[in-house]
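Down below is the structure, laid out as structure tokens.
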Amino acid sequence: MLKKPKILVVGSFMMDLIASTSRAPASGETVIGLKFQTAPGGKGANQAVQCARLGAQVTMVGQVGDDAFGKMMTQTAAESGVDVSHVTVDKNESSGVGHIVLEVTEHGAQNRITVCPGANFTLTVEDVSWLKDKIREYDLVMMQFELPMPVIEAVAQWAHDAGVIVMINPAPAAPMSDQLLSCATYISPNEHEAASLAGHAIGVDGGIHFDDVEVVSQAFQARGVENLIITMGENGSIVAGRNGVHHTQCVKMPHVADPTAAGDSFVAAFCTGLTAGLPQGEALAFASHTAAITVSRMGAMPSLPTVEEVQALLRERGYAGFDPAELDALK
């Protein structure tokens, strides 16, 4: 019987400013775009909203600026069921912004993202120190790299000491201390981030190079990582650890509208499924179906599906790993 998990997300809020174009400009070049739109996002907020829409009880800790973007982002998260009572406001800094160039062609869509952290990067360890005594109340804590590293390291240590599952999504890639890696139950980079952090490329064009994955996995294991999950877009995902390397196929949709937030959707769904009671393999399949819906829609938060929508896709694709009706416990 599945349960509603309690998940803590310590992470970022970013307002996504999305310019769609049929061809991304080269250096020094100007092109005419197809469309402009805004969408609330940020890796932390995306993951919090996705967990909540899948039925988890979610608390979000982060910081926004005292501006319209900040109000809009916290309101959107709250409307999705996220507890935002611990989101603080920096009156002297703007909210974070993600500038996204979305190149749309007949072959699909690819994004290029520049992040301006704003108030996300003025959050301090002192601001979140109350978590030290409260973190044991949660089943899992999720963090990403759009916050100051001292905050991430402190929260990870508190969670680890309290016996709470720690999911680190090292995006965008940044150097990680041995202390942080030793506190992580799971680390979930994409193939580019994994290669950067391990100092070894992973070939996925034309197929997955499992020898490369093994080298990368061993590099993380040597630094104390228990479980490595590498997301690879249309190439699916890899789970690597002391029990070997296991590949989960991508669930493909007829049309890819926007890959923004696909990784956030996948990681959040995996964490929700795992802490709800699904075995690891089934949690990964749940995550793959969730992310498939996300890439078929535009925007970050607006694209994140509900548990009912994921159930429908599981049934449509004939998934047999578990009965989708089990997910009724999350509604």
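In the structure tokens, chains take the letters A, B, ... in the order shown, each chain's residues start at 1, and ligands count up from 1 in the order shown.
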Return as a PyMOL selection string the full set of residues in segment 164-322 of chain A whose backbone-based DSSP assignment is strand (DSSP E or B). chain A and resi 165-169+186-187+190+227-231+237-241+244-248
Write the residues of the preceding selection, restricted to C-alpha atoms, as a PDB file, in the first residue's frame.
```pdb
ATOM      1  CA  ILE A 165      17.079  10.368   2.416  1.00  0.00           C
ATOM      2  CA  VAL A 166      19.080  13.053   0.572  1.00  0.00           C
ATOM      3  CA  MET A 167      18.617  13.610  -3.171  1.00  0.00           C
ATOM      4  CA  ILE A 168      21.179  15.930  -4.752  1.00  0.00           C
ATOM      5  CA  ASN A 169      20.421  17.137  -8.289  1.00  0.00           C
ATOM      6  CA  TYR A 186      21.119   9.693  -4.408  1.00  0.00           C
ATOM      7  CA  ILE A 187      22.817  12.019  -6.860  1.00  0.00           C
ATOM      8  CA  ASN A 190      22.224  14.490 -16.528  1.00  0.00           C
ATOM      9  CA  ASN A 227      23.371   5.635  -5.851  1.00  0.00           C
ATOM     10  CA  LEU A 228      23.984   7.496  -9.122  1.00  0.00           C
ATOM     11  CA  ILE A 229      21.068   8.260 -11.453  1.00  0.00           C
ATOM     12  CA  ILE A 230      22.039   9.734 -14.828  1.00  0.00           C
ATOM     13  CA  THR A 231      19.227  11.220 -16.922  1.00  0.00           C
ATOM     14  CA  SER A 237      18.172   6.927 -17.615  1.00  0.00           C
ATOM     15  CA  ILE A 238      20.916   4.938 -15.930  1.00  0.00           C
ATOM     16  CA  VAL A 239      21.075   3.825 -12.308  1.00  0.00           C
ATOM     17  CA  ALA A 240      24.598   2.871 -11.288  1.00  0.00           C
ATOM     18  CA  GLY A 241      25.889   1.649  -7.967  1.00  0.00           C
ATOM     19  CA  GLY A 244      25.909  -2.685 -11.280  1.00  0.00           C
ATOM     20  CA  VAL A 245      24.466  -0.515 -14.054  1.00  0.00           C
ATOM     21  CA  HIS A 246      20.777  -0.646 -14.991  1.00  0.00           C
ATOM     22  CA  HIS A 247      19.164   1.176 -17.924  1.00  0.00           C
ATOM     23  CA  THR A 248      15.558   2.430 -18.057  1.00  0.00           C
TER      24      THR A 248
END
```
Please give the complete set of residues from segment 159-308 of chain A that DSSP, run on the backbone, assigns to alpha helix (DSSP H), formatted as a PyMOL selection string. chain A and resi 159-161+178-183+191-198+210-221+262-276+280-295+307-308
Any idea what's packed within 9 Å of Pro324 of chain A, counting only C-alpha atoms, ignoring anything in its chain fewer than 2 positions away? Could you give it as number ranges by chain? A: 310-312, 314-315, 319-322, 326-328
Neighbouring residues of Leu181 of chain A were defined as those with any atom within 8 Å, considering only C-alpha atoms; residues of the same chain fewer than 6 positions away were excluded. Please report them as a count of residues only. 3
For atom CA of Cys116 of chain A and atom CA of Val10 of chain A, the interatomic separation in Å (one decimal):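 Those two atoms sit 17.9 Å apart.
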For segment 38-45 of chain A, work out the shell of residues within 7 Å, counting only C-alpha atoms and skipping chain neighbours fewer than 4 positions away, then give it as a PyMOL selection string. chain A and resi 9-18+49+73+77+143-144+264+299-301
